[in-house]
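Asker: After the structure tokens below, expect a handful of questions from me.
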Amino acid sequence: MATTTSSIARAVAPPRPPPRTRPRTVASATNARANDEDHVVVIVRRRALMMAFAGCACASCAAPNAQAMVKLIESDAAASMTYDVARDAGLDATFARGMATMMSGFESAVKERKRALFETLFATMRDTGRDELAMCEIGAGTLPNIDFIASMAPRAVDLIAIDPNDAMRAFAEDNLAAALAASDNEVNVRFVHGVAEALPLPDNSMDAVVSTLTLCSVVDQRVALKEIRRVLKPGGALLFLEHVLSETDPKFAELQEKLTPLQIKAADGCHLNRRTLDVIRDEFSAVDGEYYELDGFWVISPQVSGIAVA
Ligand SMILES: C[S@@+](CC[C@H](N)C(=O)[O-])C[C@H]1O[C@@H](n2cnc3c(N)ncnc32)[C@H](O)[C@@H]1O
């Protein structure tokens, strides 16, 4: 196991830049929840965005595009109280900037793995005749997966991007705009403040849920996974890619255990000592997942990825 400091290791405690502020905009659509005071909801329609870039915003040019397919609901109030914990705006801004600026090395290292996972996920969806997908990404962060979703998904996608850190959104919007400009698919994205343990989504409403580097951070993995199962349609799938406790090196696992309290403080609740694949296998009926180790990413080198079917 490599133990050199890497870009990802530095990302856990980046220097503090001034917070990048953005108003808590609430936009509504006919089938999205209106008057939403607790959630950040933004509807982005690809063509409208393209027209804005092109300088044309006329109604005839901005033809209807991918629509919000799923109506958001109130999250379970008790679960939200428990798991959507109070946050520090300064720390949120710092962490969001760190994730936006220091993860390129990591994303390059997992790019082909992610591509293969999304290929498998979308091939399964196509095989079952689905070309309009309702998807949710938990802990969506800066949307590092949006390129794969926008370019590889079947014809239309309604993506609900959920995260408790509202400072991620400005960076996510930048990534979204770039991905949409390069894709012909109809992609509708709503940014929603929330947590994986209390999803604002109806039962059996999602074709797929995505989690990358998030199940390390949720407060309670089992509660989150049960929520994911609740919202997945029968045959729906969870795509995951997560860092975990080493399975091959007990001494390194011990170090990960020791560093976890520090990591939780420095990186927004991130645990280095979780056995995420075991928990996913407990909670899902069919799991195609594997453990592997990346080179050069120190305490987050041990990883698991795969697809779990509800
Ligand atoms: C390490 S970042 C990963 C972000 C993104 N998924 C990625 O791959 O870059 C962890 C994300 O999980 C979010 N998060 C923390 N607690 C959460 C919870 N209980 N439910 C959902 N997301 C959570 C954080 O705000 C952060 O955006």
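A note on labels: chains of the structure tokens are A, B, ... as shown, every chain counts residues from 1, and ligands are counted from 1 in their shown order.
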Using only C-alpha atoms and all ligand atoms, find each protein or nucleic acid residue lying at most 9 Å from ligand 1; present the set as a PyMOL selection string.
Answerer: chain A and resi 12+83-85+92+95-96+99-100+103+107+137-145+162-168+194-199+210-221+224+241-242+267-270
Asker: Could the residues in this selection be saved with C-alpha atoms as an mmCIF file, in the first residue's frame?
Answerer:
```
data_model
loop_
_atom_site.group_PDB
_atom_site.id
_atom_site.type_symbol
_atom_site.label_atom_id
_atom_site.label_comp_id
_atom_site.auth_asym_id
_atom_site.auth_seq_id
_atom_site.Cartn_x
_atom_site.Cartn_y
_atom_site.Cartn_z
ATOM 1 C CA VAL A 12 -9.326 16.557 3.248
ATOM 2 C CA TYR A 83 -29.319 13.091 10.283
ATOM 3 C CA ASP A 84 -29.364 16.514 8.625
ATOM 4 C CA VAL A 85 -27.189 17.951 11.348
ATOM 5 C CA ASP A 92 -18.775 23.832 4.093
ATOM 6 C CA PHE A 95 -14.634 21.625 1.880
ATOM 7 C CA ALA A 96 -16.587 22.360 -1.289
ATOM 8 C CA MET A 99 -13.479 18.942 -3.530
ATOM 9 C CA ALA A 100 -13.776 21.206 -6.582
ATOM 10 C CA MET A 103 -9.816 15.870 -6.895
ATOM 11 C CA GLU A 107 -10.996 11.374 -10.806
ATOM 12 C CA GLU A 137 -27.171 11.029 -6.547
ATOM 13 C CA ILE A 138 -26.577 11.070 -2.794
ATOM 14 C CA GLY A 139 -23.852 13.396 -1.564
ATOM 15 C CA ALA A 140 -23.676 14.688 -5.123
ATOM 16 C CA GLY A 141 -21.032 17.249 -4.147
ATOM 17 C CA THR A 142 -19.571 19.053 -7.151
ATOM 18 C CA LEU A 143 -21.203 16.558 -9.572
ATOM 19 C CA PRO A 144 -18.014 14.828 -10.729
ATOM 20 C CA ASN A 145 -20.179 12.092 -12.284
ATOM 21 C CA ILE A 162 -28.912 15.634 -2.982
ATOM 22 C CA ASP A 163 -26.328 17.055 -0.618
ATOM 23 C CA PRO A 164 -26.382 18.682 2.836
ATOM 24 C CA ASN A 165 -23.525 21.038 1.908
ATOM 25 C CA ASP A 166 -25.146 23.875 -0.063
ATOM 26 C CA ALA A 167 -21.720 25.332 -0.929
ATOM 27 C CA MET A 168 -21.151 22.439 -3.348
ATOM 28 C CA GLY A 194 -30.855 16.857 2.120
ATOM 29 C CA VAL A 195 -29.256 13.687 3.409
ATOM 30 C CA ALA A 196 -29.202 10.091 2.267
ATOM 31 C CA GLU A 197 -30.876 8.950 5.477
ATOM 32 C CA ALA A 198 -34.017 11.007 4.716
ATOM 33 C CA LEU A 199 -34.540 11.205 0.980
ATOM 34 C CA VAL A 210 -25.434 6.882 -7.435
ATOM 35 C CA SER A 211 -23.049 7.127 -4.487
ATOM 36 C CA THR A 212 -19.378 7.981 -4.929
ATOM 37 C CA LEU A 213 -17.263 8.777 -1.865
ATOM 38 C CA THR A 214 -20.446 9.417 0.113
ATOM 39 C CA LEU A 215 -21.186 6.260 2.110
ATOM 40 C CA CYS A 216 -17.992 7.051 4.042
ATOM 41 C CA SER A 217 -19.620 10.306 5.182
ATOM 42 C CA VAL A 218 -23.257 9.517 5.897
ATOM 43 C CA VAL A 219 -24.093 9.405 9.575
ATOM 44 C CA ASP A 220 -25.647 5.928 9.393
ATOM 45 C CA GLN A 221 -24.875 3.662 6.444
ATOM 46 C CA ALA A 224 -29.030 5.415 4.208
ATOM 47 C CA LEU A 241 -17.604 3.659 -5.634
ATOM 48 C CA GLU A 242 -16.342 4.190 -2.076
ATOM 49 C CA ALA A 267 -13.406 16.026 5.963
ATOM 50 C CA ASP A 268 -17.019 16.500 6.933
ATOM 51 C CA GLY A 269 -17.742 13.222 8.686
ATOM 52 C CA CYS A 270 -15.654 11.030 6.388
#
```
Asker: Give the strand (DSSP E or B) residues of range 54-193 of chain A, as assigned by DSSP on the backbone, as an NGL selection string.
Answerer: :A and (132-138 or 156-163 or 186-193)
Asker: Dump as a Markdown table the rows for residues of range 177-246 of chain A within 10 Å of range 111-131 of chain A: closest atom pair and distance in Å with one decimal, only C-alpha atoms counted, ordered by chain and rising residue number.
Answerer:
```
| residue | atom | partner | partner_atom | distance |
| --- | --- | --- | --- | --- |
| A:Asp207 | CA | A:Met125 | CA | 8.0 |
| A:Ala208 | CA | A:Leu121 | CA | 8.2 |
| A:Val210 | CA | A:Phe118 | CA | 9.6 |
| A:Thr212 | CA | A:Lys114 | CA | 9.5 |
| A:Gly235 | CA | A:Met125 | CA | 9.3 |
| A:Gly236 | CA | A:Met125 | CA | 8.6 |
| A:Ala237 | CA | A:Leu121 | CA | 7.5 |
| A:Leu238 | CA | A:Leu121 | CA | 8.8 |
| A:Leu239 | CA | A:Leu117 | CA | 7.1 |
| A:Phe240 | CA | A:Leu117 | CA | 8.5 |
| A:Leu241 | CA | A:Lys114 | CA | 7.9 |
```
Asker: Compile the contact shell of Pro302 in chain A as a PyMOL selection string: residues with an atom at most 7 Å away, counting only C-alpha atoms, same-chain residues fewer than 3 positions apart removed.
Answerer: chain A and resi 243-246+292-294
Asker: Take the residues from that selection and put them in a file with C-alpha atoms, as a PDB file, in the first residue's frame.
Answerer:
```pdb
ATOM      1  CA  HIS A 243     -13.142   4.140  -0.059  1.00  0.00           C
ATOM      2  CA  VAL A 244     -13.051   1.600   2.764  1.00  0.00           C
ATOM      3  CA  LEU A 245     -10.994  -0.061   5.479  1.00  0.00           C
ATOM      4  CA  SER A 246      -8.058  -2.062   4.127  1.00  0.00           C
ATOM      5  CA  TYR A 292      -9.383  -3.009  -5.012  1.00  0.00           C
ATOM      6  CA  GLU A 293      -6.525  -0.719  -4.082  1.00  0.00           C
ATOM      7  CA  LEU A 294      -5.510   2.416  -5.957  1.00  0.00           C
TER       8      LEU A 294
END
```
Asker: Excluding range 173-177 of chain A and its own-chain neighbours fewer than 3 positions away, which residues fall within 7 Å of it when counting only C-alpha atoms? Please give them as a list in words.
Answerer: Leu143, Ile146, Arg169, Ala170, Leu180 and Ala181 of chain A
Asker: When DSSP is applied to the backbone of this structure, which of range 121-166 of chain A are assigned helix (DSSP H, G or I)? Write them out as a list in words.
Answerer: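 For range 121-166 of chain A, the helix (DSSP H, G or I) set is Leu121, Phe122, Ala123, Thr124, Met125, Arg126, Asp127, Ile146, Asp147, Phe148, Ile149, Ala150, Ser151 and Met152 of chain A.
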Asker: Got time to write the residues from that selection, N, CA and C atoms, as an mmCIF file, in the first residue's frame?
Answerer:
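Written out: out32.cif:
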```
data_model
loop_
_atom_site.group_PDB
_atom_site.id
_atom_site.type_symbol
_atom_site.label_atom_id
_atom_site.label_comp_id
_atom_site.auth_asym_id
_atom_site.auth_seq_id
_atom_site.Cartn_x
_atom_site.Cartn_y
_atom_site.Cartn_z
ATOM 1 N N LEU A 121 -24.493 -0.069 -15.847
ATOM 2 C CA LEU A 121 -25.773 0.410 -15.307
ATOM 3 C C LEU A 121 -26.737 0.765 -16.445
ATOM 4 N N PHE A 122 -26.255 1.564 -17.389
ATOM 5 C CA PHE A 122 -27.153 2.046 -18.444
ATOM 6 C C PHE A 122 -27.505 0.933 -19.432
ATOM 7 N N ALA A 123 -26.587 -0.023 -19.642
ATOM 8 C CA ALA A 123 -26.907 -1.156 -20.526
ATOM 9 C C ALA A 123 -28.059 -1.954 -19.920
ATOM 10 N N THR A 124 -28.011 -2.137 -18.606
ATOM 11 C CA THR A 124 -29.089 -2.876 -17.935
ATOM 12 C C THR A 124 -30.413 -2.142 -18.105
ATOM 13 N N MET A 125 -30.356 -0.810 -17.979
ATOM 14 C CA MET A 125 -31.584 -0.021 -18.106
ATOM 15 C C MET A 125 -32.130 -0.138 -19.540
ATOM 16 N N ARG A 126 -31.227 -0.052 -20.511
ATOM 17 C CA ARG A 126 -31.667 -0.155 -21.920
ATOM 18 C C ARG A 126 -32.284 -1.517 -22.183
ATOM 19 N N ASP A 127 -31.631 -2.565 -21.623
ATOM 20 C CA ASP A 127 -32.131 -3.929 -21.834
ATOM 21 C C ASP A 127 -33.543 -4.103 -21.305
ATOM 22 N N ILE A 146 -21.299 13.864 -13.507
ATOM 23 C CA ILE A 146 -22.315 14.334 -14.448
ATOM 24 C C ILE A 146 -21.913 14.088 -15.902
ATOM 25 N N ASP A 147 -20.612 14.102 -16.199
ATOM 26 C CA ASP A 147 -20.165 13.796 -17.571
ATOM 27 C C ASP A 147 -20.636 12.418 -18.005
ATOM 28 N N PHE A 148 -20.446 11.443 -17.108
ATOM 29 C CA PHE A 148 -20.837 10.068 -17.446
ATOM 30 C C PHE A 148 -22.354 9.986 -17.624
ATOM 31 N N ILE A 149 -23.072 10.631 -16.711
ATOM 32 C CA ILE A 149 -24.535 10.542 -16.760
ATOM 33 C C ILE A 149 -25.063 11.235 -18.009
ATOM 34 N N ALA A 150 -24.582 12.439 -18.257
ATOM 35 C CA ALA A 150 -25.113 13.211 -19.392
ATOM 36 C C ALA A 150 -24.748 12.570 -20.730
ATOM 37 N N SER A 151 -23.553 11.991 -20.819
ATOM 38 C CA SER A 151 -23.130 11.494 -22.132
ATOM 39 C C SER A 151 -23.504 10.033 -22.360
ATOM 40 N N MET A 152 -23.684 9.250 -21.284
ATOM 41 C CA MET A 152 -23.866 7.811 -21.486
ATOM 42 C C MET A 152 -25.283 7.314 -21.218
#
```
Asker: Do you know which residues are at most 9 Å from Ser285 in chain A counting only C-alpha atoms, after dropping those on the same chain fewer than 5 positions away, and could you put them as a ChimeraX atom specification?
Answerer: /A:308-310
Asker: To one decimal place in Å, what is the distance between CA of Met135 in chain A and CA of Thr101 in chain A?
Answerer: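 Interatomic distance here is 25.7 Å.
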Asker: Select, from A:Val299, A:Leu201, A:Val287, A:Leu159, the residue with the minimum atom-to-atom distance to Lys258 in chain A, counting only C-alpha atoms.
Answerer: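 Using only C-alpha atoms, Lys258 in chain A sits closest to A:Val299.
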Asker: Restricting the calculation to only C-alpha atoms, which member of A:Arg222, A:Arg190, A:Arg97, A:Lys71 is positioned closest to Arg275 in chain A?
Answerer: A:Arg222
Asker: I'd like to know which of A:Val189, A:Thr260, A:Ile160, A:Val223 is closest to Thr82 in chain A, using only C-alpha atoms.
Answerer: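 Result for the nearest residue to Thr82 in chain A: A:Val223.
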